[in-house]
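Visitor: Sharing input-v2.csv, CSV, C-alpha atoms (C1' of nucleotides):
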chain,number,residue,atom,x,y,z
A,82,MET,CA,-28.9,115.7,-80.1
A,83,SER,CA,-32.6,116.0,-79.4
A,84,ASP,CA,-33.3,113.1,-77.0
A,85,ASP,CA,-36.4,111.2,-78.0
A,86,THR,CA,-35.1,107.9,-76.7
A,87,PRO,CA,-37.7,106.4,-74.4
A,88,TRP,CA,-35.4,105.8,-71.5
A,89,LEU,CA,-36.4,103.4,-68.7
A,90,ASN,CA,-38.2,105.0,-65.8
A,91,GLU,CA,-37.3,104.1,-62.2
A,92,SER,CA,-39.6,101.1,-61.9
A,93,GLU,CA,-38.6,99.7,-65.3
A,94,MET,CA,-35.0,100.1,-64.3
A,95,GLU,CA,-35.5,98.1,-61.1
A,96,THR,CA,-37.2,95.4,-63.1
A,97,TRP,CA,-34.4,95.3,-65.7
A,98,LEU,CA,-31.6,95.3,-63.1
A,99,ALA,CA,-33.3,92.4,-61.2
A,100,LEU,CA,-33.5,90.4,-64.4
A,101,ILE,CA,-29.9,91.2,-65.4
A,102,GLY,CA,-28.9,90.2,-61.9
A,103,LEU,CA,-30.6,86.9,-62.2
A,104,VAL,CA,-29.1,86.2,-65.7
A,105,SER,CA,-25.6,87.0,-64.4
A,106,LYS,CA,-25.8,85.1,-61.1
A,107,LEU,CA,-27.9,82.0,-61.7
A,108,PRO,CA,-25.3,80.4,-64.1
A,109,ILE,CA,-22.6,81.1,-61.6
A,110,ALA,CA,-24.5,79.3,-58.8
A,111,LEU,CA,-25.2,76.4,-61.1
A,112,ASP,CA,-21.6,76.1,-62.2
A,113,GLU,CA,-20.4,76.2,-58.7
A,114,GLN,CA,-22.5,73.2,-57.5
A,115,LEU,CA,-21.7,71.2,-60.6
A,116,ARG,CA,-18.0,71.9,-60.5
A,117,ARG,CA,-18.0,70.7,-56.9
A,118,ASP,CA,-20.2,67.6,-57.2
A,119,GLY,CA,-19.3,66.5,-60.7
A,120,GLU,CA,-16.2,68.4,-62.0
A,121,MET,CA,-18.2,69.8,-64.9
A,122,SER,CA,-19.8,73.0,-66.0
A,123,HIS,CA,-23.6,73.6,-66.4
A,124,PHE,CA,-23.2,73.5,-70.1
A,125,GLU,CA,-21.4,70.1,-70.0
A,126,TYR,CA,-24.1,68.9,-67.6
A,127,GLY,CA,-26.7,69.9,-70.2
A,128,VAL,CA,-25.0,68.0,-72.9
A,129,LEU,CA,-24.7,64.8,-70.8
A,130,ALA,CA,-28.3,65.1,-69.5
A,131,SER,CA,-29.7,65.7,-73.0
A,132,LEU,CA,-27.9,62.6,-74.3
A,133,GLU,CA,-29.2,60.5,-71.4
A,134,LEU,CA,-32.8,61.4,-72.3
A,135,ALA,CA,-32.2,60.4,-75.9
A,136,GLU,CA,-33.0,57.2,-77.7
A,137,ASP,CA,-29.9,54.9,-77.3
A,138,HIS,CA,-28.2,57.8,-75.4
A,139,THR,CA,-27.4,59.2,-78.9
A,140,ARG,CA,-28.0,62.5,-80.7
A,141,ARG,CA,-26.7,64.4,-83.7
A,142,MET,CA,-24.3,67.2,-82.8
A,143,SER,CA,-26.5,69.9,-84.3
A,144,ASP,CA,-29.6,68.7,-82.4
A,145,LEU,CA,-27.6,68.6,-79.2
A,146,ALA,CA,-26.3,72.1,-79.8
A,147,ALA,CA,-29.9,73.4,-80.2
A,148,LEU,CA,-31.1,71.6,-77.1
A,149,VAL,CA,-28.4,73.1,-74.9
A,150,ASN,CA,-28.6,76.6,-76.4
A,151,GLY,CA,-25.1,76.6,-77.7
A,152,SER,CA,-23.3,77.2,-81.0
A,153,LEU,CA,-22.1,74.2,-82.9
A,154,SER,CA,-18.6,75.4,-82.6
A,155,ARG,CA,-18.8,75.6,-78.8
A,156,LEU,CA,-20.4,72.1,-78.7
A,157,SER,CA,-17.7,70.7,-80.9
A,158,HIS,CA,-14.9,71.9,-78.6
A,159,VAL,CA,-16.8,70.7,-75.5
A,160,ALA,CA,-17.5,67.4,-77.1
A,161,ARG,CA,-13.8,66.9,-77.8
A,162,ARG,CA,-13.0,67.4,-74.1
A,163,LEU,CA,-15.9,65.2,-73.0
A,164,GLU,CA,-14.7,62.5,-75.4
A,165,GLU,CA,-11.1,62.8,-74.1
A,166,ALA,CA,-12.5,62.4,-70.6
A,167,GLY,CA,-14.3,59.2,-71.7
A,168,LEU,CA,-17.8,60.6,-71.0
A,169,ILE,CA,-19.1,60.5,-74.5
A,170,GLU,CA,-18.0,59.1,-77.8
A,171,ARG,CA,-18.5,60.4,-81.4
A,172,PHE,CA,-19.0,58.6,-84.6
A,173,PRO,CA,-20.3,59.4,-88.1
A,174,CYS,CA,-24.0,59.2,-88.8
A,175,PRO,CA,-24.8,56.1,-91.0
A,176,THR,CA,-27.7,57.8,-92.8
A,177,ASP,CA,-26.2,61.3,-93.3
A,178,GLY,CA,-22.5,61.5,-94.1
A,179,ARG,CA,-22.3,65.1,-93.0
A,180,ALA,CA,-23.6,64.5,-89.5
A,181,THR,CA,-21.8,63.3,-86.4
A,182,LEU,CA,-23.6,61.4,-83.6
A,183,ALA,CA,-22.6,61.7,-80.0
A,184,ARG,CA,-23.3,58.9,-77.5
A,185,LEU,CA,-23.1,58.9,-73.7
A,186,THR,CA,-20.7,56.2,-72.4
A,187,ASP,CA,-21.3,54.2,-69.3
A,188,GLU,CA,-18.8,56.4,-67.5
A,189,GLY,CA,-20.7,59.4,-68.7
A,190,VAL,CA,-23.9,58.0,-67.2
A,191,HIS,CA,-22.0,57.4,-64.0
A,192,ARG,CA,-20.7,61.0,-63.8
A,193,LEU,CA,-24.1,62.4,-64.6
A,194,THR,CA,-25.7,60.2,-61.9
A,195,LYS,CA,-23.1,61.5,-59.4
A,196,ALA,CA,-23.8,65.1,-60.1
A,197,ALA,CA,-27.6,65.0,-60.7
A,198,PRO,CA,-29.0,64.8,-57.2
A,199,GLY,CA,-27.1,67.9,-56.0
A,200,HIS,CA,-28.1,69.7,-59.2
A,201,VAL,CA,-31.8,69.0,-58.8
A,202,ALA,CA,-31.6,69.9,-55.1
A,203,LEU,CA,-30.1,73.3,-56.0
A,204,VAL,CA,-32.7,74.0,-58.7
A,205,ARG,CA,-35.5,73.0,-56.3
A,206,GLU,CA,-34.1,75.3,-53.6
A,207,LEU,CA,-33.4,78.3,-55.9
A,208,ILE,CA,-36.6,78.2,-57.9
A,209,PHE,CA,-39.3,76.0,-56.6
A,210,GLU,CA,-38.8,76.4,-52.9
A,211,ALA,CA,-38.0,80.1,-53.2
A,212,LEU,CA,-41.1,80.9,-55.2
A,213,GLY,CA,-43.5,78.0,-54.6
A,214,GLU,CA,-44.9,75.9,-57.4
A,215,GLU,CA,-47.4,78.5,-58.6
A,216,ASP,CA,-45.0,81.5,-58.8
A,217,ALA,CA,-42.3,79.3,-60.3
A,218,HIS,CA,-44.8,78.3,-63.0
A,219,ARG,CA,-45.5,82.0,-63.6
A,220,LEU,CA,-41.8,82.7,-63.9
A,221,GLY,CA,-41.6,79.9,-66.5
A,222,ARG,CA,-44.4,81.3,-68.5
A,223,LEU,CA,-42.9,84.8,-68.5
A,224,SER,CA,-39.5,83.5,-69.5
A,225,ARG,CA,-41.1,81.6,-72.4
A,226,ARG,CA,-42.7,84.8,-73.7
A,227,VAL,CA,-39.5,86.7,-73.6
A,228,LEU,CA,-37.7,83.8,-75.2
A,229,GLU,CA,-40.2,83.7,-78.0
A,230,ARG,CA,-39.6,87.4,-78.6
A,231,ILE,CA,-35.8,86.9,-78.7
A,232,GLU,CA,-36.1,84.1,-81.1
A,233,ASP,CA,-38.4,86.2,-83.2
A,234,GLY,CA,-35.4,87.8,-84.8
A,235,GLY,CA,-33.4,89.5,-82.1
A,236,GLY,CA,-35.4,92.7,-82.0
A,237,GLU,CA,-36.9,95.1,-84.5
A,238,SER,CA,-33.8,97.0,-85.2
A,239,ALA,CA,-31.9,93.8,-85.9
A,240,ARG,CA,-34.6,92.7,-88.3
A,241,ILE,CA,-34.4,96.0,-90.2
A,242,PHE,CA,-30.7,95.9,-90.2
A,243,ARG,CA,-30.6,92.3,-91.6
A,244,ARG,CA,-33.0,93.2,-94.4
A,245,LEU,CA,-30.7,95.8,-95.8
B,249,MET,CA,-28.7,53.2,-55.2
B,250,SER,CA,-32.2,53.7,-53.8
B,251,ASP,CA,-33.5,56.8,-55.7
B,252,ASP,CA,-35.0,59.2,-53.2
B,253,THR,CA,-34.0,62.2,-55.3
B,254,PRO,CA,-37.1,64.4,-55.8
B,255,TRP,CA,-36.7,64.7,-59.6
B,256,LEU,CA,-38.5,67.4,-61.5
B,257,ASN,CA,-41.9,66.5,-62.8
B,258,GLU,CA,-42.9,67.4,-66.4
B,259,SER,CA,-44.3,70.8,-65.5
B,260,GLU,CA,-41.4,71.7,-63.4
B,261,MET,CA,-39.0,70.6,-66.1
B,262,GLU,CA,-40.8,72.9,-68.6
B,263,THR,CA,-40.5,75.8,-66.2
B,264,TRP,CA,-36.8,75.1,-65.6
B,265,LEU,CA,-36.0,74.7,-69.3
B,266,ALA,CA,-37.7,78.0,-70.1
B,267,LEU,CA,-35.7,79.8,-67.5
B,268,ILE,CA,-32.4,78.2,-68.6
B,269,GLY,CA,-33.3,79.2,-72.2
B,270,LEU,CA,-33.8,82.8,-71.1
B,271,VAL,CA,-30.6,82.8,-69.1
B,272,SER,CA,-28.6,81.5,-72.0
B,273,LYS,CA,-30.1,83.5,-74.8
B,274,LEU,CA,-30.8,86.9,-73.3
B,275,PRO,CA,-27.1,87.7,-72.9
B,276,ILE,CA,-26.4,86.7,-76.5
B,277,ALA,CA,-29.2,89.0,-77.8
B,278,LEU,CA,-27.8,91.9,-75.7
B,279,ASP,CA,-24.2,91.3,-76.8
B,280,GLU,CA,-25.2,91.1,-80.4
B,281,GLN,CA,-26.9,94.6,-80.4
B,282,LEU,CA,-24.2,96.2,-78.4
B,283,ARG,CA,-21.4,94.7,-80.5
B,284,ARG,CA,-23.1,96.1,-83.6
B,285,ASP,CA,-24.1,99.6,-82.3
B,286,GLY,CA,-21.2,100.2,-80.0
B,287,GLU,CA,-18.4,97.7,-80.4
B,288,MET,CA,-18.7,96.6,-76.9
B,289,SER,CA,-20.0,93.7,-74.8
B,290,HIS,CA,-23.0,93.9,-72.4
B,291,PHE,CA,-20.6,93.7,-69.5
B,292,GLU,CA,-18.6,96.6,-70.9
B,293,TYR,CA,-21.8,98.6,-71.4
B,294,GLY,CA,-22.7,97.9,-67.8
B,295,VAL,CA,-19.3,99.3,-66.6
B,296,LEU,CA,-19.6,102.5,-68.7
B,297,ALA,CA,-23.3,103.0,-67.8
B,298,SER,CA,-22.6,102.5,-64.2
B,299,LEU,CA,-19.8,105.1,-64.3
B,300,GLU,CA,-22.0,107.6,-66.1
B,301,LEU,CA,-24.6,107.4,-63.3
B,302,ALA,CA,-21.9,108.0,-60.7
B,303,GLU,CA,-20.9,111.3,-59.0
B,304,ASP,CA,-18.2,112.8,-61.2
B,305,HIS,CA,-18.4,109.8,-63.5
B,306,THR,CA,-16.1,108.0,-61.0
B,307,ARG,CA,-16.3,104.9,-58.9
B,308,ARG,CA,-14.0,102.6,-57.0
B,309,MET,CA,-13.2,99.4,-58.8
B,310,SER,CA,-14.7,97.2,-56.2
B,311,ASP,CA,-18.0,99.1,-56.1
B,312,LEU,CA,-18.1,98.9,-59.9
B,313,ALA,CA,-17.4,95.1,-59.8
B,314,ALA,CA,-20.3,94.6,-57.4
B,315,LEU,CA,-22.7,96.8,-59.5
B,316,VAL,CA,-22.0,94.9,-62.7
B,317,ASN,CA,-22.1,91.4,-61.0
B,318,GLY,CA,-18.6,90.6,-62.0
B,319,SER,CA,-15.4,89.5,-60.2
B,320,LEU,CA,-12.8,92.1,-59.4
B,321,SER,CA,-10.3,90.2,-61.6
B,322,ARG,CA,-12.7,90.2,-64.5
B,323,LEU,CA,-13.3,93.9,-64.1
B,324,SER,CA,-9.6,94.6,-63.8
B,325,HIS,CA,-8.9,93.0,-67.2
B,326,VAL,CA,-11.9,94.7,-68.8
B,327,ALA,CA,-10.8,98.1,-67.3
B,328,ARG,CA,-7.4,97.7,-68.8
B,329,ARG,CA,-8.9,97.2,-72.2
B,330,LEU,CA,-11.4,100.1,-71.8
B,331,GLU,CA,-8.5,102.3,-70.6
B,332,GLU,CA,-6.4,101.3,-73.6
B,333,ALA,CA,-9.4,102.2,-75.8
B,334,GLY,CA,-9.6,105.6,-74.1
B,335,LEU,CA,-13.1,105.1,-72.7
B,336,ILE,CA,-12.1,105.2,-69.1
B,337,GLU,CA,-9.1,106.2,-67.0
B,338,ARG,CA,-7.9,104.9,-63.7
B,339,PHE,CA,-6.0,106.6,-60.9
B,340,PRO,CA,-5.3,105.8,-57.2
B,341,CYS,CA,-7.9,106.8,-54.6
B,342,PRO,CA,-6.7,109.8,-52.6
B,343,THR,CA,-8.3,108.7,-49.4
B,344,ASP,CA,-7.6,105.0,-49.5
B,345,GLY,CA,-4.2,104.0,-50.8
B,346,ARG,CA,-5.4,100.5,-51.7
B,347,ALA,CA,-8.2,101.5,-53.9
B,348,THR,CA,-8.3,102.5,-57.5
B,349,LEU,CA,-10.9,104.8,-59.0
B,350,ALA,CA,-12.2,104.5,-62.5
B,351,ARG,CA,-13.6,107.6,-64.4
B,352,LEU,CA,-15.5,107.7,-67.6
B,353,THR,CA,-13.7,109.9,-70.2
B,354,ASP,CA,-15.5,112.2,-72.7
B,355,GLU,CA,-14.9,109.6,-75.4
B,356,GLY,CA,-16.4,107.0,-73.1
B,357,VAL,CA,-19.5,109.2,-72.7
B,358,HIS,CA,-19.7,109.5,-76.5
B,359,ARG,CA,-19.4,105.8,-77.1
B,360,LEU,CA,-22.0,105.1,-74.4
B,361,THR,CA,-24.3,107.7,-75.9
B,362,LYS,CA,-23.9,106.0,-79.3
B,363,ALA,CA,-24.9,102.6,-78.1
B,364,ALA,CA,-27.5,103.4,-75.5
B,365,PRO,CA,-30.6,104.2,-77.7
B,366,GLY,CA,-30.4,100.9,-79.5
B,367,HIS,CA,-29.8,99.1,-76.2
B,368,VAL,CA,-32.9,100.7,-74.6
B,369,ALA,CA,-34.9,99.9,-77.6
B,370,LEU,CA,-33.9,96.3,-77.5
B,371,VAL,CA,-34.7,96.0,-73.7
B,372,ARG,CA,-38.1,97.6,-74.3
B,373,GLU,CA,-38.9,95.3,-77.1
B,374,LEU,CA,-37.7,92.1,-75.5
B,375,ILE,CA,-39.2,92.7,-72.0
B,376,PHE,CA,-41.6,95.6,-71.7
B,377,GLU,CA,-43.3,95.2,-75.1
B,378,ALA,CA,-43.3,91.5,-75.1
B,379,LEU,CA,-44.8,91.3,-71.6
B,380,GLY,CA,-46.6,94.6,-71.0
B,381,GLU,CA,-45.6,96.7,-68.0
B,382,GLU,CA,-47.5,94.7,-65.5
B,383,ASP,CA,-46.2,91.3,-66.4
B,384,ALA,CA,-42.7,92.8,-66.8
B,385,HIS,CA,-43.0,94.1,-63.3
B,386,ARG,CA,-44.0,90.6,-62.1
B,387,LEU,CA,-41.0,89.1,-63.8
B,388,GLY,CA,-38.8,91.6,-62.0
B,389,ARG,CA,-40.3,90.7,-58.6
B,390,LEU,CA,-39.9,87.0,-59.3
B,391,SER,CA,-36.3,87.5,-60.4
B,392,ARG,CA,-35.5,89.4,-57.3
B,393,ARG,CA,-36.8,86.6,-55.1
B,394,VAL,CA,-34.7,84.1,-56.8
B,395,LEU,CA,-31.7,86.4,-56.6
B,396,GLU,CA,-32.2,86.8,-52.9
B,397,ARG,CA,-32.1,83.0,-52.5
B,398,ILE,CA,-29.0,82.8,-54.6
B,399,GLU,CA,-27.2,85.4,-52.6
B,400,ASP,CA,-28.4,83.7,-49.4
B,401,GLY,CA,-25.4,81.4,-49.6
B,402,GLY,CA,-25.7,79.4,-52.9
B,403,GLY,CA,-28.1,76.8,-51.7
B,404,GLU,CA,-28.6,74.6,-48.6
B,405,SER,CA,-26.1,71.9,-49.7
B,406,ALA,CA,-23.4,74.6,-50.3
B,407,ARG,CA,-24.0,76.0,-46.9
B,408,ILE,CA,-23.7,72.6,-45.2
B,409,PHE,CA,-20.6,71.9,-47.3
B,410,ARG,CA,-19.0,75.2,-46.4
B,411,ARG,CA,-19.6,74.6,-42.7
B,412,LEU,CA,-17.6,71.4,-42.7
C,106,DC,C1',-26.2,64.1,-114.7
C,107,DG,C1',-23.5,68.1,-113.2
C,108,DT,C1',-22.9,72.1,-111.1
C,109,DA,C1',-24.4,75.5,-107.6
C,110,DT,C1',-26.0,76.0,-103.1
C,111,DA,C1',-26.9,74.7,-98.5
C,112,DA,C1',-26.1,72.0,-94.4
C,113,DT,C1',-23.0,69.7,-90.9
C,114,DG,C1',-18.9,69.7,-88.3
C,115,DT,C1',-14.1,70.7,-87.2
C,116,DT,C1',-10.2,73.5,-86.4
C,117,DG,C1',-6.9,77.2,-85.0
C,118,DA,C1',-6.4,81.9,-83.7
C,119,DA,C1',-8.0,85.7,-81.1
C,120,DC,C1',-10.3,86.9,-77.3
C,121,DC,C1',-12.3,86.7,-72.7
C,122,DT,C1',-12.8,84.8,-68.0
C,123,DT,C1',-11.2,82.3,-64.1
C,124,DC,C1',-8.0,81.0,-60.9
C,125,DA,C1',-4.1,81.4,-57.9
C,126,DA,C1',-0.3,84.1,-56.7
C,127,DC,C1',1.3,88.3,-55.6
C,128,DT,C1',1.9,93.5,-54.1
C,129,DA,C1',0.5,97.1,-51.4
C,130,DA,C1',-2.2,99.6,-48.0
C,131,DT,C1',-5.3,99.5,-44.1
C,132,DT,C1',-7.3,97.9,-39.9
C,133,DA,C1',-7.3,95.0,-35.7
C,134,DT,C1',-4.9,93.2,-31.8
C,135,DC,C1',-1.9,92.6,-28.2
D,539,DG,C1',3.4,101.1,-32.0
D,540,DA,C1',4.7,96.5,-34.0
D,541,DT,C1',2.8,92.5,-35.9
D,542,DA,C1',-1.0,89.9,-37.8
D,543,DA,C1',-5.0,89.7,-40.5
D,544,DT,C1',-7.9,91.9,-43.9
D,545,DT,C1',-9.0,94.5,-47.9
D,546,DA,C1',-8.1,96.3,-52.7
D,547,DG,C1',-6.4,95.5,-56.9
D,548,DT,C1',-3.3,93.6,-60.6
D,549,DT,C1',-1.1,90.0,-63.2
D,550,DG,C1',0.0,85.8,-66.0
D,551,DA,C1',-1.3,81.3,-67.1
D,552,DA,C1',-4.8,78.0,-68.0
D,553,DG,C1',-9.0,77.1,-69.7
D,554,DG,C1',-13.3,78.1,-72.4
D,555,DT,C1',-15.9,80.7,-76.2
D,556,DT,C1',-16.3,83.0,-80.5
D,557,DC,C1',-15.2,83.9,-85.1
D,558,DA,C1',-13.8,82.9,-89.6
D,559,DA,C1',-12.0,79.6,-92.7
D,560,DC,C1',-12.2,75.2,-94.2
D,561,DA,C1',-13.6,70.2,-95.6
D,562,DT,C1',-17.1,67.3,-96.6
D,563,DT,C1',-21.5,65.6,-97.8
D,564,DA,C1',-26.3,66.4,-99.3
D,565,DT,C1',-29.8,68.8,-101.9
D,566,DA,C1',-31.7,71.8,-105.7
D,567,DC,C1',-32.3,72.8,-110.3
D,568,DG,C1',-30.9,73.6,-115.0
Produce structure tokens that represent the structure in this file.
Guide:
Amino acid sequence: MSDDTPWLNESEMETWLALIGLVSKLPIALDEQLRRDGEMSHFEYGVLASLELAEDHTRRMSDLAALVNGSLSRLSHVARRLEEAGLIERFPCPTDGRATLARLTDEGVHRLTKAAPGHVALVRELIFEALGEEDAHRLGRLSRRVLERIEDGGGESARIFRRL
Amino acid sequence: MSDDTPWLNESEMETWLALIGLVSKLPIALDEQLRRDGEMSHFEYGVLASLELAEDHTRRMSDLAALVNGSLSRLSHVARRLEEAGLIERFPCPTDGRATLARLTDEGVHRLTKAAPGHVALVRELIFEALGEEDAHRLGRLSRRVLERIEDGGGESARIFRRL
DNA sequence: CGTATAATGTTGAACCTTCAACTAATTATC
DNA sequence: GATAATTAGTTGAAGGTTCAACATTATACG
């Protein structure tokens, strides 16, 4: 095979490995703290936190799924467990019979409140203290640009593929 | 409770959400392409690629685990599946009776070769084309700094906790 | 209206990862 | 050199995620 693939050069490879390292290890660090301080995963924390910010502590399942970057199926399973644990409750949406609403319970608020300070402290240490406000802000902007590209259709080849 | 927790301000929250978005979605985009072009996950790709770069296409399991940012247990399960699929083979290390060596087979090389061009193309598009070489390099440097902080013990609170 | 299509969620099975327990070999220590 | 502690790796069970199939309700459109 004639190799016209534009492989990564050494500098690009270093960049890529650093990013992959971050993407693999940051979630583990977050899960570790939250498991310890709140007996929950980072995904579950996201669900609870996102409900706490919402009007009446209530959101539609599909909105919630989008906010926490998860599939509806994943959220549905997680919601069942959170409901069994008494941290949220679910009930049908009065205005759209297809939809389900999830609401944070008082106990959910309590558990979130217990875990949150440690979580914020960890985020501060790993991002804002490690980089300083300015560089942290740069990291945010760069992340957003990559994110846009990802959401733009998952890559050129995927777009072509999907059109067939 | 008197609330002296230094919550994130709006700008910090935007930064953090962007980063979390990246960390949740980049792996999904990578897995999608590799699943399509090579019937493998990104983690499996990492294992095969890391073996291909090695002397004699062979590495110790524990070295491999560190290189792909995974636990030894996870790697062991994955290695069993890759071995069953004929992509790698495992055999005891001749110089250290505790260790196991993993070697990429010819079929493993073939499968890797099949998936690699699409993978590189995706990485190029999502990172280097989206950001340009210079900003991509910045992203790499920032990632590395956060990574160092993570590996520095998982955060101040964790260090204190662990000392008790 | 009535049917076709799309949107919203849930479920169970298959699959993957983590966790704890375990085996086996090596190194440290006395 | 025997025993203890450490290191390397595997395993099975428990728990979480994905995938495909399904049920249900809403919307489009003829």
Visitor: Would you kindly report the residues of chain C within 10 Å of chain B, using only C-alpha atoms (C1' of nucleotides), as a list in words?
Guide: DC121, DT122, DT123, DC124, DA129, DA130 and DT131 of chain C
Visitor: Considering all atoms listed in the file, can you say which of C:DT134, C:DT113, C:DT108, C:DT128 comes closest to DT563 in chain D?
Guide: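 The answer is C:DT113, which sits nearest to DT563 in chain D.
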Visitor: Taking a cut-off of 7 Å and counting only C-alpha atoms, can you build a table that, for each residue of chain A near chain B, reports the nearest atom pair and how far apart they are in Å (one decimal), sorted by chain then residue number, as a tab-separated table?
Guide:
residue	atom	partner	partner_atom	distance
A:Thr86	CA	B:Pro365	CA	5.9
A:Trp88	CA	B:Val368	CA	6.5
A:Thr96	CA	B:Gly388	CA	4.3
A:Trp97	CA	B:Gly388	CA	6.8
A:Ala99	CA	B:Arg392	CA	5.4
A:Leu100	CA	B:Ser391	CA	5.7
A:Gly102	CA	B:Asn317	CA	7.0
A:Leu103	CA	B:Leu395	CA	5.7
A:Val104	CA	B:Val271	CA	5.0
A:Ser105	CA	B:Asn317	CA	6.6
A:Ala110	CA	B:Gly402	CA	6.0
A:Asn150	CA	B:Ser272	CA	6.6
A:Pro198	CA	B:Thr253	CA	5.9
A:Val201	CA	B:Trp255	CA	6.6
A:Leu203	CA	B:Gly403	CA	5.9
A:Glu206	CA	B:Gly403	CA	6.5
A:Leu207	CA	B:Arg397	CA	5.9
A:Ile208	CA	B:Val394	CA	6.3
A:Ala211	CA	B:Val394	CA	6.3
A:His218	CA	B:Thr263	CA	5.9
A:Leu220	CA	B:Leu387	CA	6.5
A:Gly221	CA	B:Thr263	CA	4.3
A:Leu223	CA	B:Leu387	CA	6.6
A:Ser224	CA	B:Leu267	CA	5.7
A:Arg225	CA	B:Ala266	CA	5.5
A:Arg226	CA	B:Ala378	CA	6.9
A:Val227	CA	B:Leu374	CA	6.0
A:Leu228	CA	B:Leu270	CA	5.7
A:Arg230	CA	B:Leu374	CA	5.9
A:Ile231	CA	B:Leu374	CA	6.4
A:Gly235	CA	B:Ala277	CA	6.0
A:Gly236	CA	B:Leu370	CA	6.0
Visitor: Give as an NGL selection string every residue of chain D that touches chain B within 12 Å, counting only C-alpha atoms (C1' of nucleotides).
Guide: :D and (544-550 or 556)
Visitor: Could those selected residues go to a file with C-alpha atoms (C1' of nucleotides), as a PDB file, in the frame of the given file?
Guide:
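So again01.pdb came out as:
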ATOM      1  C1'  DT D 544      -7.900  91.900 -43.900  1.00  0.00           C
ATOM      2  C1'  DT D 545      -9.000  94.500 -47.900  1.00  0.00           C
ATOM      3  C1'  DA D 546      -8.100  96.300 -52.700  1.00  0.00           C
ATOM      4  C1'  DG D 547      -6.400  95.500 -56.900  1.00  0.00           C
ATOM      5  C1'  DT D 548      -3.300  93.600 -60.600  1.00  0.00           C
ATOM      6  C1'  DT D 549      -1.100  90.000 -63.200  1.00  0.00           C
ATOM      7  C1'  DG D 550       0.000  85.800 -66.000  1.00  0.00           C
ATOM      8  C1'  DT D 556     -16.300  83.000 -80.500  1.00  0.00           C
TER       9       DT D 556
END
Visitor: Kindly give the distance, in Å, that separates CA of Phe172 in chain A and CA of His123 in chain A, rounded to a single decimal.
Guide: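 CA of His123 in chain A lies at a distance of 24.0 Å from CA of Phe172 in chain A.
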Visitor: With all atoms listed in the file as the atoms that count, which of A:Thr176, A:Asp144, A:Glu170, A:Leu132 lies nearest to DA564 in chain D?
Guide: A:Thr176
Visitor: Work out where the centre of an axis-aligned box around every listed atom of range 551-559 of chain D lies and how long its edges are once 4 Å is added on each side; give both in Å to one decimal as JSON.
Guide:
{"center_x": -8.8, "center_y": 80.5, "center_z": -79.9, "size_x": 23.0, "size_y": 14.8, "size_z": 33.6}
Visitor: Could you state the separation of CA of Glu300 in chain B and C1' of DC120 in chain C in Å, given to one decimal place?
Guide: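 Answer for the CA of Glu300 in chain B to C1' of DC120 in chain C separation: 26.3 Å.
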Visitor: Please compute the CA of Leu163 in chain A-CA of Glu125 in chain A distance, one decimal, in Å.
Guide: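 Taking CA of Leu163 in chain A as the start and CA of Glu125 in chain A as the end point, the length is 8.0 Å.
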Visitor: Since the input lacks atoms, please generate N, CA and C atoms for range 266-276 of chain B and provide them as a PDB file, keeping the file's coordinate frame.
Guide:
ATOM      1  N   ALA B 266     -37.429  76.643 -69.635  1.00  0.00           N
ATOM      2  CA  ALA B 266     -37.700  78.000 -70.100  1.00  0.00           C
ATOM      3  C   ALA B 266     -36.774  79.002 -69.470  1.00  0.00           C
ATOM      4  N   LEU B 267     -36.568  78.826 -68.178  1.00  0.00           N
ATOM      5  CA  LEU B 267     -35.700  79.800 -67.500  1.00  0.00           C
ATOM      6  C   LEU B 267     -34.260  79.650 -67.936  1.00  0.00           C
ATOM      7  N   ILE B 268     -33.797  78.414 -68.095  1.00  0.00           N
ATOM      8  CA  ILE B 268     -32.400  78.200 -68.600  1.00  0.00           C
ATOM      9  C   ILE B 268     -32.290  78.777 -69.994  1.00  0.00           C
ATOM     10  N   GLY B 269     -33.316  78.612 -70.805  1.00  0.00           N
ATOM     11  CA  GLY B 269     -33.300  79.200 -72.200  1.00  0.00           C
ATOM     12  C   GLY B 269     -33.113  80.685 -72.097  1.00  0.00           C
ATOM     13  N   LEU B 270     -33.886  81.305 -71.234  1.00  0.00           N
ATOM     14  CA  LEU B 270     -33.800  82.800 -71.100  1.00  0.00           C
ATOM     15  C   LEU B 270     -32.396  83.175 -70.650  1.00  0.00           C
ATOM     16  N   VAL B 271     -31.903  82.473 -69.662  1.00  0.00           N
ATOM     17  CA  VAL B 271     -30.600  82.800 -69.100  1.00  0.00           C
ATOM     18  C   VAL B 271     -29.472  82.594 -70.102  1.00  0.00           C
ATOM     19  N   SER B 272     -29.653  81.651 -71.011  1.00  0.00           N
ATOM     20  CA  SER B 272     -28.600  81.500 -72.000  1.00  0.00           C
ATOM     21  C   SER B 272     -28.710  82.412 -73.180  1.00  0.00           C
ATOM     22  N   LYS B 273     -29.942  82.783 -73.537  1.00  0.00           N
ATOM     23  CA  LYS B 273     -30.100  83.500 -74.800  1.00  0.00           C
ATOM     24  C   LYS B 273     -30.202  85.033 -74.633  1.00  0.00           C
ATOM     25  N   LEU B 274     -30.700  85.489 -73.489  1.00  0.00           N
ATOM     26  CA  LEU B 274     -30.800  86.900 -73.300  1.00  0.00           C
ATOM     27  C   LEU B 274     -29.436  87.621 -73.432  1.00  0.00           C
ATOM     28  N   PRO B 275     -28.407  87.098 -72.763  1.00  0.00           N
ATOM     29  CA  PRO B 275     -27.100  87.700 -72.900  1.00  0.00           C
ATOM     30  C   PRO B 275     -26.597  87.780 -74.321  1.00  0.00           C
ATOM     31  N   ILE B 276     -26.890  86.746 -75.075  1.00  0.00           N
ATOM     32  CA  ILE B 276     -26.400  86.700 -76.500  1.00  0.00           C
ATOM     33  C   ILE B 276     -27.116  87.792 -77.283  1.00  0.00           C
TER      34      ILE B 276
END
